[in-house]
Amino acid sequence: MSDMIPEVSFFEVLRNASRILKNPLPFHHKNFEKHGDIFRVNLGFGQSVIFTRDAGLAKHTLQKHHRNYRKSELQTRDLAKYIGEGLLTADGEKWLEQRRLIQPAFHKKKLEEIIVTIKSVVVAELSKIKPNKTFNIYPLMGDLAFQVVAKSLFSYTDTKNIISRLQYITETAQKSLIKEIRQPYKRWWFHLNGKIKGTLRLTQEARDILNGIIEERKNSKEKYNDLLDMLLEARYEDGSAMDNEQLIDEILILFTAGHETTSNALTFTLLLLANHPEIQEKVYQEVSDMFSSDISAIEQIAKYQYTKQCIEESMRLYPPAYFSDRVAIEDDMYKDFFLKKGTTILISFFEIHKHKDLWKDPLSFNPDRFAPEIDKKEYSDSYFPFGAGPRMCIGNNFAMYEMVLAISELVRKYKITPSFNTIEIKPLITLKPKNALLSLTLR
Ligand code: HEM
């Protein structure tokens, strides 16, 4: 039976191999333009992957027919190697059990309890800015995002050096993983030269550090109302709590899932605001007006609507999680397309977010697309910065709170000017900014 899906030959893949390794996005785009919104890439040796920028197929796999799909081994087994089997990397029953257990800690009402911590970390990190100098803002946003997750978890642990060490280990493990995924043919060499062993040693060190923090907290009579307390108090249906090993897996997952994505989104938003002074001015009007009445962090988040729209529009143009994948568990149909059991579908959020049939003037930065008077239905089926369906990002509200606070604090204090020509991207596991050179002058 023909599945009706046009195919990109293995020869084409080989011919473009070095370009794909550097940056696969232009190859994807060229093929979407040539073949339409769904095509198959032949990877040789009987292997193939379906690529899609069909928003309907994205919804089909992630939401409407999600029971017929699981994540690929790349997103589960490979990623779990260093960060363990937690929410992001687990599948099936284990995932569902963990999601039910952890979801309440990320509920908006619960997050309000840690918002003061988030804001104080944002303010402390931004105080490190040296004004009137051109510098790369990306590392600062990386530190900010890591500190926010870490302090939300362990608000009152004396952890300054410990947190830096955990950040170093998380980032090193991520870099090793990218190397292994991008150069699978060199895996034997990474084993031989001790790179893989070295990374595993580092992640074991992180696990030992976290075990110490958890034990200390369990033995303490104090209540801190931070994420760690919430995770320690969470109970499975049978009344039991997570054991230390599972808790450590989940903490490492929160570090990994919550830090690079957020720092990418923050950086891209700042680059776009630098390039669009009139939009930056509108954000400044919003945040400087409100601040005169010295409102609380939670009120800031509610009121800084235009700031939020800028972040949403930035994640449309530069979605930090720029793709996801799913594998069909059983044969399935989508429209006239046959999706055979075992087929891997790679969903390009990057392409969906810029599809000319879905967005007007798709390449322009226009935060008004997300204005409150616009009916959400107009874009909700074509906009996936946090994914969709039951596996949608658990930290979406957390991330939005953090980003609104960071962008508003920054724009209120500084005028942002660009020291780059065009915004360049580095598509790795997440979509990273390449040249985040900015100059910040005190207002
Ligand atoms: C701008 C920031 C963020 C973006 C763009 C983002 C994006 C995403 C996306 C697209 C997914 C779904 C992946 C899929 O279905 O294949 C996801 C899942 C997840 N995210 Fe986020 N995320 C962000 C911030 C955060 C934060 C701050 C946390 C936690 C503190 C977090 C924790 C998670 C977890 C645990 C999952 C797995 C959920 C599950 O499978 O049940 N993320 N994220």
# chains A, B, ... in the order shown; residues from 1 in each chain; ligands from 1
$ residues_near_ligand --ligand "ligand 1" --cutoff "8 Å" --atoms "only C-alpha atoms and all ligand atoms" --output "PyMOL selection string"
chain A and resi 62+71+75+86-90+95-96+99+145+149+250+253-266+315+319-326+384-400+403
$ write_last_selection --atoms "C-alpha atoms" --output "CSV table (one decimal), in the first residue's frame"
chain,number,residue,atom,x,y,z
A,62,LEU,CA,0.6,15.1,20.2
A,71,LYS,CA,8.5,9.5,22.1
A,75,GLN,CA,14.2,11.6,23.5
A,86,GLY,CA,12.1,11.4,34.8
A,87,LEU,CA,9.1,13.2,33.4
A,88,LEU,CA,10.8,14.3,30.2
A,89,THR,CA,12.5,11.0,29.3
A,90,ALA,CA,10.0,8.5,30.7
A,95,TRP,CA,5.5,8.7,32.7
A,96,LEU,CA,1.8,9.0,33.6
A,99,ARG,CA,3.1,13.4,35.7
A,145,ALA,CA,17.6,30.6,34.2
A,149,VAL,CA,15.2,26.7,38.8
A,250,GLU,CA,13.2,14.5,38.4
A,253,ILE,CA,15.2,16.7,34.5
A,254,LEU,CA,13.9,20.1,35.8
A,255,PHE,CA,17.4,21.5,35.5
A,256,THR,CA,17.8,20.3,32.0
A,257,ALA,CA,14.3,21.0,30.6
A,258,GLY,CA,14.0,24.3,32.4
A,259,HIS,CA,17.2,26.1,32.0
A,260,GLU,CA,18.5,26.2,28.4
A,261,THR,CA,15.0,26.6,26.9
A,262,THR,CA,14.3,29.6,29.1
A,263,SER,CA,17.7,31.2,28.5
A,264,ASN,CA,17.3,30.9,24.7
A,265,ALA,CA,13.8,32.4,24.8
A,266,LEU,CA,15.0,35.3,27.0
A,315,MET,CA,9.0,32.0,20.8
A,319,PRO,CA,10.9,28.3,19.4
A,320,PRO,CA,13.6,27.1,21.8
A,321,ALA,CA,12.1,23.5,21.5
A,322,TYR,CA,12.1,23.8,17.7
A,323,PHE,CA,11.1,20.2,17.0
A,324,SER,CA,9.7,17.1,18.7
A,325,ASP,CA,9.1,13.6,17.6
A,326,ARG,CA,6.7,10.8,18.0
A,384,PHE,CA,3.4,25.1,19.9
A,385,PRO,CA,6.2,26.7,21.9
A,386,PHE,CA,5.4,24.4,24.8
A,387,GLY,CA,4.2,21.4,22.7
A,388,ALA,CA,0.6,20.2,23.0
A,389,GLY,CA,-1.5,17.4,24.6
A,390,PRO,CA,-0.8,15.5,27.8
A,391,ARG,CA,3.0,15.8,27.5
A,392,MET,CA,2.8,19.6,27.0
A,393,CYS,CA,5.5,21.4,29.0
A,394,ILE,CA,4.8,21.2,32.8
A,395,GLY,CA,6.9,24.3,33.4
A,396,ASN,CA,5.1,26.6,30.9
A,397,ASN,CA,3.6,28.9,33.6
A,398,PHE,CA,6.8,28.8,35.5
A,399,ALA,CA,8.8,29.9,32.4
A,400,MET,CA,6.3,32.6,31.5
A,403,MET,CA,10.5,35.6,31.6
$ select_by_dssp --residues "region 116-264 of chain A" --states "alpha helix (DSSP H)" --output "number ranges by chain"
A: 116-126, 138-153, 160-182, 187-192, 195-219, 227-233, 244-264
$ write_last_selection --atoms "C-alpha atoms" --output "mmCIF file, in the first residue's frame"
data_model
loop_
_atom_site.group_PDB
_atom_site.id
_atom_site.type_symbol
_atom_site.label_atom_id
_atom_site.label_comp_id
_atom_site.auth_asym_id
_atom_site.auth_seq_id
_atom_site.Cartn_x
_atom_site.Cartn_y
_atom_site.Cartn_z
ATOM 1 C CA VAL A 116 9.004 35.925 45.429
ATOM 2 C CA THR A 117 12.001 33.584 45.185
ATOM 3 C CA ILE A 118 11.909 33.737 41.379
ATOM 4 C CA LYS A 119 11.828 37.534 41.403
ATOM 5 C CA SER A 120 14.654 37.880 43.918
ATOM 6 C CA VAL A 121 16.883 35.595 41.820
ATOM 7 C CA VAL A 122 16.042 37.578 38.659
ATOM 8 C CA VAL A 123 16.923 40.874 40.369
ATOM 9 C CA ALA A 124 20.156 39.454 41.852
ATOM 10 C CA GLU A 125 21.317 38.024 38.521
ATOM 11 C CA LEU A 126 20.510 41.208 36.576
ATOM 12 C CA TYR A 138 23.556 34.652 26.542
ATOM 13 C CA PRO A 139 25.757 33.344 29.419
ATOM 14 C CA LEU A 140 24.079 35.792 31.819
ATOM 15 C CA MET A 141 20.624 34.533 30.759
ATOM 16 C CA GLY A 142 21.922 30.949 31.189
ATOM 17 C CA ASP A 143 23.008 31.675 34.775
ATOM 18 C CA LEU A 144 19.745 33.459 35.498
ATOM 19 C CA ALA A 145 17.603 30.581 34.237
ATOM 20 C CA PHE A 146 19.652 27.956 36.088
ATOM 21 C CA GLN A 147 19.626 29.907 39.350
ATOM 22 C CA VAL A 148 15.857 30.414 39.098
ATOM 23 C CA VAL A 149 15.166 26.667 38.780
ATOM 24 C CA ALA A 150 17.749 25.754 41.443
ATOM 25 C CA LYS A 151 16.581 28.327 44.028
ATOM 26 C CA SER A 152 12.922 27.476 43.360
ATOM 27 C CA LEU A 153 13.828 23.925 44.289
ATOM 28 C CA LYS A 160 26.113 29.012 46.220
ATOM 29 C CA ASN A 161 29.058 26.805 45.188
ATOM 30 C CA ILE A 162 26.913 23.709 45.002
ATOM 31 C CA ILE A 163 24.563 25.305 42.475
ATOM 32 C CA SER A 164 27.469 26.430 40.262
ATOM 33 C CA ARG A 165 28.828 22.892 40.338
ATOM 34 C CA LEU A 166 25.425 21.425 39.425
ATOM 35 C CA GLN A 167 25.134 23.927 36.568
ATOM 36 C CA TYR A 168 28.578 22.971 35.294
ATOM 37 C CA ILE A 169 27.700 19.265 35.383
ATOM 38 C CA THR A 170 24.285 19.740 33.707
ATOM 39 C CA GLU A 171 25.836 21.782 30.901
ATOM 40 C CA THR A 172 28.772 19.421 30.413
ATOM 41 C CA ALA A 173 26.476 16.377 30.226
ATOM 42 C CA GLN A 174 24.322 18.156 27.647
ATOM 43 C CA LYS A 175 27.360 19.013 25.503
ATOM 44 C CA SER A 176 28.606 15.402 25.633
ATOM 45 C CA LEU A 177 25.207 14.139 24.591
ATOM 46 C CA ILE A 178 25.055 16.475 21.585
ATOM 47 C CA LYS A 179 28.469 15.224 20.442
ATOM 48 C CA GLU A 180 27.380 11.608 20.756
ATOM 49 C CA ILE A 181 24.093 12.183 18.924
ATOM 50 C CA ARG A 182 25.633 14.212 16.112
ATOM 51 C CA ARG A 187 30.857 6.648 19.823
ATOM 52 C CA TRP A 188 33.503 3.897 20.005
ATOM 53 C CA TRP A 189 36.154 6.641 20.228
ATOM 54 C CA PHE A 190 34.307 8.492 23.022
ATOM 55 C CA HIS A 191 34.227 5.183 24.924
ATOM 56 C CA LEU A 192 37.895 4.541 24.272
ATOM 57 C CA LYS A 195 34.805 10.863 27.530
ATOM 58 C CA ILE A 196 31.643 8.854 28.237
ATOM 59 C CA LYS A 197 33.037 7.487 31.519
ATOM 60 C CA GLY A 198 34.079 11.016 32.533
ATOM 61 C CA THR A 199 30.586 12.390 31.942
ATOM 62 C CA LEU A 200 28.998 9.504 33.830
ATOM 63 C CA ARG A 201 31.365 10.225 36.741
ATOM 64 C CA LEU A 202 30.263 13.855 36.720
ATOM 65 C CA THR A 203 26.562 12.977 36.697
ATOM 66 C CA GLN A 204 27.167 10.584 39.605
ATOM 67 C CA GLU A 205 28.767 13.498 41.471
ATOM 68 C CA ALA A 206 25.601 15.572 40.812
ATOM 69 C CA ARG A 207 23.447 12.710 42.107
ATOM 70 C CA ASP A 208 25.536 12.480 45.296
ATOM 71 C CA ILE A 209 25.247 16.240 45.871
ATOM 72 C CA LEU A 210 21.475 16.125 45.388
ATOM 73 C CA ASN A 211 21.151 13.095 47.662
ATOM 74 C CA GLY A 212 22.926 15.081 50.399
ATOM 75 C CA ILE A 213 20.536 18.030 49.981
ATOM 76 C CA ILE A 214 17.478 15.735 50.045
ATOM 77 C CA GLU A 215 18.637 13.864 53.160
ATOM 78 C CA GLU A 216 19.395 17.126 54.950
ATOM 79 C CA ARG A 217 15.898 18.408 54.094
ATOM 80 C CA LYS A 218 14.217 15.192 55.181
ATOM 81 C CA ASN A 219 15.954 15.415 58.558
ATOM 82 C CA LEU A 227 9.580 22.959 44.983
ATOM 83 C CA LEU A 228 11.662 20.428 46.947
ATOM 84 C CA ASP A 229 9.158 20.503 49.829
ATOM 85 C CA MET A 230 6.326 20.059 47.325
ATOM 86 C CA LEU A 231 8.039 17.105 45.640
ATOM 87 C CA LEU A 232 8.817 15.500 49.027
ATOM 88 C CA GLU A 233 5.186 15.858 50.098
ATOM 89 C CA ASN A 244 15.559 9.507 46.594
ATOM 90 C CA GLU A 245 16.727 8.050 43.257
ATOM 91 C CA GLN A 246 13.485 9.029 41.474
ATOM 92 C CA LEU A 247 13.509 12.449 43.115
ATOM 93 C CA ILE A 248 17.085 13.005 41.894
ATOM 94 C CA ASP A 249 16.077 11.989 38.350
ATOM 95 C CA GLU A 250 13.228 14.507 38.431
ATOM 96 C CA ILE A 251 15.446 17.294 39.764
ATOM 97 C CA LEU A 252 18.043 16.683 37.032
ATOM 98 C CA ILE A 253 15.200 16.730 34.474
ATOM 99 C CA LEU A 254 13.916 20.066 35.785
ATOM 100 C CA PHE A 255 17.427 21.536 35.521
ATOM 101 C CA THR A 256 17.817 20.271 31.964
ATOM 102 C CA ALA A 257 14.329 21.017 30.634
ATOM 103 C CA GLY A 258 13.958 24.341 32.397
ATOM 104 C CA HIS A 259 17.234 26.110 31.974
ATOM 105 C CA GLU A 260 18.499 26.161 28.377
ATOM 106 C CA THR A 261 15.021 26.594 26.856
ATOM 107 C CA THR A 262 14.323 29.595 29.053
ATOM 108 C CA SER A 263 17.708 31.237 28.510
ATOM 109 C CA ASN A 264 17.285 30.853 24.727
#
$ residues_around --residues "region 128-131 of chain A" --least-positions-apart "4" --cutoff "9 Å" --atoms "only C-alpha atoms" --output "list in words"
Ala124, Phe135, Leu140, Tyr414, Ser439, Leu440, Thr441 and Leu442 of chain A
$ write_last_selection --atoms "N, CA and C atoms" --output "PDB file, in the first residue's frame"
ATOM      1  N   ALA A 124      18.743  39.668  41.477  1.00  0.00           N
ATOM      2  CA  ALA A 124      20.156  39.454  41.852  1.00  0.00           C
ATOM      3  C   ALA A 124      21.013  39.180  40.616  1.00  0.00           C
ATOM      4  N   PHE A 135      28.471  43.319  25.300  1.00  0.00           N
ATOM      5  CA  PHE A 135      28.801  41.975  25.785  1.00  0.00           C
ATOM      6  C   PHE A 135      27.780  40.958  25.288  1.00  0.00           C
ATOM      7  N   LEU A 140      24.783  35.201  30.675  1.00  0.00           N
ATOM      8  CA  LEU A 140      24.079  35.792  31.819  1.00  0.00           C
ATOM      9  C   LEU A 140      22.656  35.226  31.918  1.00  0.00           C
ATOM     10  N   TYR A 414      17.272  49.405  31.587  1.00  0.00           N
ATOM     11  CA  TYR A 414      18.254  49.628  30.521  1.00  0.00           C
ATOM     12  C   TYR A 414      17.610  49.830  29.157  1.00  0.00           C
ATOM     13  N   SER A 439      24.380  45.994  23.812  1.00  0.00           N
ATOM     14  CA  SER A 439      24.900  47.019  24.705  1.00  0.00           C
ATOM     15  C   SER A 439      23.720  47.535  25.531  1.00  0.00           C
ATOM     16  N   LEU A 440      23.904  47.605  26.848  1.00  0.00           N
ATOM     17  CA  LEU A 440      22.815  48.042  27.730  1.00  0.00           C
ATOM     18  C   LEU A 440      23.201  49.366  28.377  1.00  0.00           C
ATOM     19  N   THR A 441      22.405  50.405  28.120  1.00  0.00           N
ATOM     20  CA  THR A 441      22.702  51.696  28.762  1.00  0.00           C
ATOM     21  C   THR A 441      21.630  51.998  29.794  1.00  0.00           C
ATOM     22  N   LEU A 442      22.069  52.531  30.943  1.00  0.00           N
ATOM     23  CA  LEU A 442      21.108  52.846  32.015  1.00  0.00           C
ATOM     24  C   LEU A 442      20.114  53.895  31.539  1.00  0.00           C
TER      25      LEU A 442
END
$ closest_residue --among "A:Lys426, A:Lys186, A:Lys59, A:Lys303" --to "Val404 (chain A)" --atoms "only C-alpha atoms"
A:Lys303
$ select_by_dssp --residues "region 253-392 of chain A" --states "strand (DSSP E or B)" --output "list in words"
Phe323, Ser324, Asp325, Arg326, Val327, Ala328, Asp332, Met333, Tyr334, Phe337, Phe338, Leu339, Thr344, Ile345, Leu346, Ile347 and Ser348 of chain A
$ write_last_selection --atoms "C-alpha atoms" --output "PDB file, in the first residue's frame"
ATOM      1  CA  PHE A 323      11.067  20.215  17.025  1.00  0.00           C
ATOM      2  CA  SER A 324       9.714  17.148  18.703  1.00  0.00           C
ATOM      3  CA  ASP A 325       9.108  13.623  17.570  1.00  0.00           C
ATOM      4  CA  ARG A 326       6.706  10.751  18.029  1.00  0.00           C
ATOM      5  CA  VAL A 327       6.755   7.092  16.946  1.00  0.00           C
ATOM      6  CA  ALA A 328       3.525   5.317  15.858  1.00  0.00           C
ATOM      7  CA  ASP A 332      -2.666   4.934  11.837  1.00  0.00           C
ATOM      8  CA  MET A 333      -4.222   7.247   9.240  1.00  0.00           C
ATOM      9  CA  TYR A 334      -3.985  11.015   9.052  1.00  0.00           C
ATOM     10  CA  PHE A 337      -1.734   9.422   4.662  1.00  0.00           C
ATOM     11  CA  PHE A 338      -0.989   5.972   6.007  1.00  0.00           C
ATOM     12  CA  LEU A 339       1.365   5.972   9.020  1.00  0.00           C
ATOM     13  CA  THR A 344       8.992   8.140  13.327  1.00  0.00           C
ATOM     14  CA  ILE A 345       7.423  11.551  12.756  1.00  0.00           C
ATOM     15  CA  LEU A 346       9.551  14.621  13.250  1.00  0.00           C
ATOM     16  CA  ILE A 347       7.392  17.683  13.917  1.00  0.00           C
ATOM     17  CA  SER A 348       9.019  20.982  13.005  1.00  0.00           C
TER      18      SER A 348
END
$ residues_around --residues "region 349-356 of chain A" --least-positions-apart "4" --cutoff "12 Å" --atoms "only C-alpha atoms" --output "number ranges by chain"
A: 24-33, 36-38, 51-59, 312-325, 360-365, 379-388, 425, 427, 430-431
$ closest_residue --among "A:Ser48, A:Ser9, A:Gln63, A:Gln309" --to "Leu273 (chain A)" --atoms "only C-alpha atoms"
A:Gln309
$ atom_distance --atom1 "CA of Leu272 (chain A)" --atom2 "CA of Ile416 (chain A)"
9.9 Å
$ closest_residue --among "A:Arg369, A:Arg77, A:His60, A:Lys133" --to "Lys335 (chain A)" --atoms "only C-alpha atoms"
A:His60
$ atom_distance --atom1 "CA of Gln305 (chain A)" --atom2 "CA of Ile407 (chain A)"
12.0 Å
$ residues_around --residues "Glu12 (chain A)" --least-positions-apart "5" --cutoff "12 Å" --atoms "only C-alpha atoms" --output "PyMOL selection string"
chain A and resi 7+17-20+27-28+30-31+40-44
$ write_last_selection --atoms "N, CA and C atoms" --output "PDB file, in the first residue's frame"
ATOM      1  N   GLU A   7       8.992  11.292  -1.150  1.00  0.00           N
ATOM      2  CA  GLU A   7      10.226  10.858  -0.482  1.00  0.00           C
ATOM      3  C   GLU A   7      11.458  11.634  -0.949  1.00  0.00           C
ATOM      4  N   ALA A  17      25.036  15.854   3.234  1.00  0.00           N
ATOM      5  CA  ALA A  17      25.359  15.428   4.605  1.00  0.00           C
ATOM      6  C   ALA A  17      26.123  16.479   5.418  1.00  0.00           C
ATOM      7  N   SER A  18      27.160  17.087   4.824  1.00  0.00           N
ATOM      8  CA  SER A  18      27.973  17.996   5.643  1.00  0.00           C
ATOM      9  C   SER A  18      27.176  19.256   5.987  1.00  0.00           C
ATOM     10  N   ARG A  19      26.340  19.708   5.028  1.00  0.00           N
ATOM     11  CA  ARG A  19      25.494  20.884   5.311  1.00  0.00           C
ATOM     12  C   ARG A  19      24.457  20.565   6.391  1.00  0.00           C
ATOM     13  N   ILE A  20      23.890  19.352   6.331  1.00  0.00           N
ATOM     14  CA  ILE A  20      22.867  18.951   7.313  1.00  0.00           C
ATOM     15  C   ILE A  20      23.488  18.904   8.711  1.00  0.00           C
ATOM     16  N   PHE A  27      17.884  22.579   4.816  1.00  0.00           N
ATOM     17  CA  PHE A  27      17.549  21.345   4.071  1.00  0.00           C
ATOM     18  C   PHE A  27      16.072  20.992   4.291  1.00  0.00           C
ATOM     19  N   HIS A  28      15.625  21.090   5.552  1.00  0.00           N
ATOM     20  CA  HIS A  28      14.207  20.820   5.839  1.00  0.00           C
ATOM     21  C   HIS A  28      13.339  21.798   5.052  1.00  0.00           C
ATOM     22  N   LYS A  30      13.889  23.612   2.366  1.00  0.00           N
ATOM     23  CA  LYS A  30      13.897  23.394   0.907  1.00  0.00           C
ATOM     24  C   LYS A  30      12.947  22.248   0.545  1.00  0.00           C
ATOM     25  N   ASN A  31      12.978  21.182   1.324  1.00  0.00           N
ATOM     26  CA  ASN A  31      12.129  20.028   1.016  1.00  0.00           C
ATOM     27  C   ASN A  31      10.646  20.278   1.311  1.00  0.00           C
ATOM     28  N   ARG A  40       8.923  12.265   3.434  1.00  0.00           N
ATOM     29  CA  ARG A  40       9.723  11.236   4.096  1.00  0.00           C
ATOM     30  C   ARG A  40      11.179  11.408   3.696  1.00  0.00           C
ATOM     31  N   VAL A  41      12.088  11.231   4.647  1.00  0.00           N
ATOM     32  CA  VAL A  41      13.509  11.238   4.315  1.00  0.00           C
ATOM     33  C   VAL A  41      14.020   9.810   4.446  1.00  0.00           C
ATOM     34  N   ASN A  42      14.581   9.316   3.352  1.00  0.00           N
ATOM     35  CA  ASN A  42      15.136   7.966   3.363  1.00  0.00           C
ATOM     36  C   ASN A  42      16.540   8.020   3.967  1.00  0.00           C
ATOM     37  N   LEU A  43      16.742   7.315   5.080  1.00  0.00           N
ATOM     38  CA  LEU A  43      18.044   7.370   5.763  1.00  0.00           C
ATOM     39  C   LEU A  43      18.933   6.179   5.400  1.00  0.00           C
ATOM     40  N   GLY A  44      18.489   5.386   4.420  1.00  0.00           N
ATOM     41  CA  GLY A  44      19.273   4.215   4.017  1.00  0.00           C
ATOM     42  C   GLY A  44      19.044   3.060   4.980  1.00  0.00           C
TER      43      GLY A  44
END
$ residues_around --residues "Leu437 (chain A)" --least-positions-apart "4" --cutoff "8 Å" --atoms "only C-alpha atoms" --output "list of chain:residue names"
A:Thr134, A:Phe135, A:Asn136, A:Ile137, A:Pro418, A:Ser419, A:Phe420
$ write_last_selection --atoms "N, CA and C atoms" --output "compact mmCIF listing (two decimals), in the first residue's frame"
# COMPACT_ATOMS: atom_id res chain seq x y z
N THR A 134 29.60 46.59 25.48
CA THR A 134 29.04 45.56 24.60
C THR A 134 29.44 44.19 25.14
N PHE A 135 28.47 43.32 25.30
CA PHE A 135 28.80 41.98 25.79
C PHE A 135 27.78 40.96 25.29
N ASN A 136 28.17 39.69 25.39
CA ASN A 136 27.29 38.59 24.99
C ASN A 136 26.35 38.29 26.16
N ILE A 137 25.06 38.52 25.95
CA ILE A 137 24.10 38.39 27.06
C ILE A 137 23.71 36.94 27.33
N PRO A 418 21.52 46.91 19.70
CA PRO A 418 22.19 45.74 19.13
C PRO A 418 23.64 46.02 18.76
N SER A 419 24.51 45.02 18.91
CA SER A 419 25.87 45.10 18.38
C SER A 419 26.10 43.92 17.45
N PHE A 420 25.05 43.57 16.72
CA PHE A 420 25.13 42.47 15.74
C PHE A 420 24.39 42.92 14.49
$ residues_around --residues "Tyr306 (chain A)" --least-positions-apart "2" --cutoff "12 Å" --atoms "only C-alpha atoms" --output "ChimeraX atom specification"
/A:279-287,300-304,308-313,366-372,404,407-408
$ write_last_selection --atoms "N, CA and C atoms" --output "short mmCIF file (atom, residue, chain, number, x, y, z; two decimals), in the first residue's frame"
data_model
loop_
_atom_site.label_atom_id
_atom_site.label_comp_id
_atom_site.auth_asym_id
_atom_site.auth_seq_id
_atom_site.Cartn_x
_atom_site.Cartn_y
_atom_site.Cartn_z
N ILE A 279 9.16 48.88 19.40
CA ILE A 279 8.47 47.88 20.23
C ILE A 279 9.06 47.88 21.65
N GLN A 280 10.40 48.03 21.72
CA GLN A 280 11.06 48.12 23.03
C GLN A 280 10.48 49.31 23.82
N GLU A 281 10.24 50.41 23.13
CA GLU A 281 9.70 51.60 23.78
C GLU A 281 8.31 51.31 24.36
N LYS A 282 7.50 50.54 23.60
CA LYS A 282 6.16 50.19 24.10
C LYS A 282 6.26 49.33 25.37
N VAL A 283 7.24 48.43 25.39
CA VAL A 283 7.44 47.61 26.59
C VAL A 283 7.85 48.54 27.74
N TYR A 284 8.75 49.49 27.45
CA TYR A 284 9.22 50.40 28.50
C TYR A 284 8.04 51.20 29.07
N GLN A 285 7.17 51.68 28.17
CA GLN A 285 6.00 52.44 28.64
C GLN A 285 5.18 51.59 29.60
N GLU A 286 4.99 50.35 29.23
CA GLU A 286 4.18 49.46 30.09
C GLU A 286 4.84 49.23 31.45
N VAL A 287 6.13 48.90 31.44
CA VAL A 287 6.75 48.48 32.71
C VAL A 287 7.14 49.68 33.58
N GLN A 300 2.66 42.24 38.74
CA GLN A 300 3.46 42.58 37.54
C GLN A 300 3.17 41.61 36.42
N ILE A 301 3.19 40.34 36.77
CA ILE A 301 2.98 39.30 35.75
C ILE A 301 1.62 39.46 35.10
N ALA A 302 0.62 39.74 35.92
CA ALA A 302 -0.74 39.88 35.39
C ALA A 302 -0.86 41.11 34.49
N LYS A 303 -0.13 42.18 34.85
CA LYS A 303 -0.35 43.45 34.15
C LYS A 303 0.56 43.67 32.95
N TYR A 304 1.70 43.01 32.92
CA TYR A 304 2.63 43.28 31.82
C TYR A 304 2.25 42.46 30.59
N LYS A 308 4.50 40.25 27.79
CA LYS A 308 4.22 38.82 27.57
C LYS A 308 4.04 38.54 26.07
N GLN A 309 3.34 39.43 25.38
CA GLN A 309 3.14 39.23 23.93
C GLN A 309 4.47 39.21 23.18
N CYS A 310 5.42 40.06 23.61
CA CYS A 310 6.74 40.09 22.95
C CYS A 310 7.44 38.75 23.13
N ILE A 311 7.32 38.16 24.33
CA ILE A 311 7.96 36.86 24.59
C ILE A 311 7.28 35.79 23.74
N GLU A 312 5.95 35.86 23.66
CA GLU A 312 5.21 34.86 22.86
C GLU A 312 5.61 34.94 21.38
N GLU A 313 5.72 36.19 20.91
CA GLU A 313 6.08 36.37 19.49
C GLU A 313 7.53 35.93 19.23
N ASN A 366 5.91 40.79 15.26
CA ASN A 366 4.71 41.58 15.51
C ASN A 366 3.96 41.05 16.74
N PRO A 367 4.30 41.58 17.93
CA PRO A 367 3.68 41.07 19.18
C PRO A 367 2.16 41.26 19.21
N ASP A 368 1.61 42.13 18.34
CA ASP A 368 0.16 42.33 18.34
C ASP A 368 -0.61 41.08 17.92
N ARG A 369 0.08 40.12 17.31
CA ARG A 369 -0.61 38.87 16.96
C ARG A 369 -1.22 38.21 18.19
N PHE A 370 -0.61 38.49 19.37
CA PHE A 370 -1.05 37.82 20.60
C PHE A 370 -1.81 38.78 21.51
N ALA A 371 -2.32 39.88 20.94
CA ALA A 371 -3.06 40.86 21.75
C ALA A 371 -4.32 40.21 22.33
N PRO A 372 -4.76 40.67 23.52
CA PRO A 372 -5.90 40.00 24.18
C PRO A 372 -7.18 40.06 23.35
N VAL A 404 8.61 37.03 32.04
CA VAL A 404 7.99 38.37 32.12
C VAL A 404 8.74 39.21 33.16
N ILE A 407 12.37 40.14 31.62
CA ILE A 407 12.36 41.12 30.53
C ILE A 407 11.89 42.49 31.06
N SER A 408 10.87 42.48 31.92
CA SER A 408 10.37 43.77 32.40
C SER A 408 11.42 44.48 33.27
#
$ atom_distance --atom1 "CA of Glu97 (chain A)" --atom2 "CA of Lys109 (chain A)"
21.7 Å
$ decode --residues "region 21-39 of chain A" --atoms "C-alpha atoms" --output "PDB file, in the first residue's frame"
ATOM      1  CA  LEU A  21      25.408  18.284  10.077  1.00  0.00           C
ATOM      2  CA  LYS A  22      26.177  22.013  10.325  1.00  0.00           C
ATOM      3  CA  ASN A  23      22.557  23.206  10.226  1.00  0.00           C
ATOM      4  CA  PRO A  24      19.718  20.942   9.069  1.00  0.00           C
ATOM      5  CA  LEU A  25      17.041  23.662   8.942  1.00  0.00           C
ATOM      6  CA  PRO A  26      17.674  24.963   5.377  1.00  0.00           C
ATOM      7  CA  PHE A  27      17.549  21.345   4.071  1.00  0.00           C
ATOM      8  CA  HIS A  28      14.207  20.820   5.839  1.00  0.00           C
ATOM      9  CA  HIS A  29      12.854  24.113   4.478  1.00  0.00           C
ATOM     10  CA  LYS A  30      13.897  23.394   0.907  1.00  0.00           C
ATOM     11  CA  ASN A  31      12.129  20.028   1.016  1.00  0.00           C
ATOM     12  CA  PHE A  32       8.960  21.419   2.603  1.00  0.00           C
ATOM     13  CA  GLU A  33       8.790  23.995  -0.191  1.00  0.00           C
ATOM     14  CA  LYS A  34       9.368  21.298  -2.812  1.00  0.00           C
ATOM     15  CA  HIS A  35       7.228  18.423  -1.486  1.00  0.00           C
ATOM     16  CA  GLY A  36       4.623  20.076   0.712  1.00  0.00           C
ATOM     17  CA  ASP A  37       3.960  19.868   4.458  1.00  0.00           C
ATOM     18  CA  ILE A  38       4.671  16.145   4.870  1.00  0.00           C
ATOM     19  CA  PHE A  39       7.600  14.261   3.344  1.00  0.00           C
TER      20      PHE A  39
END
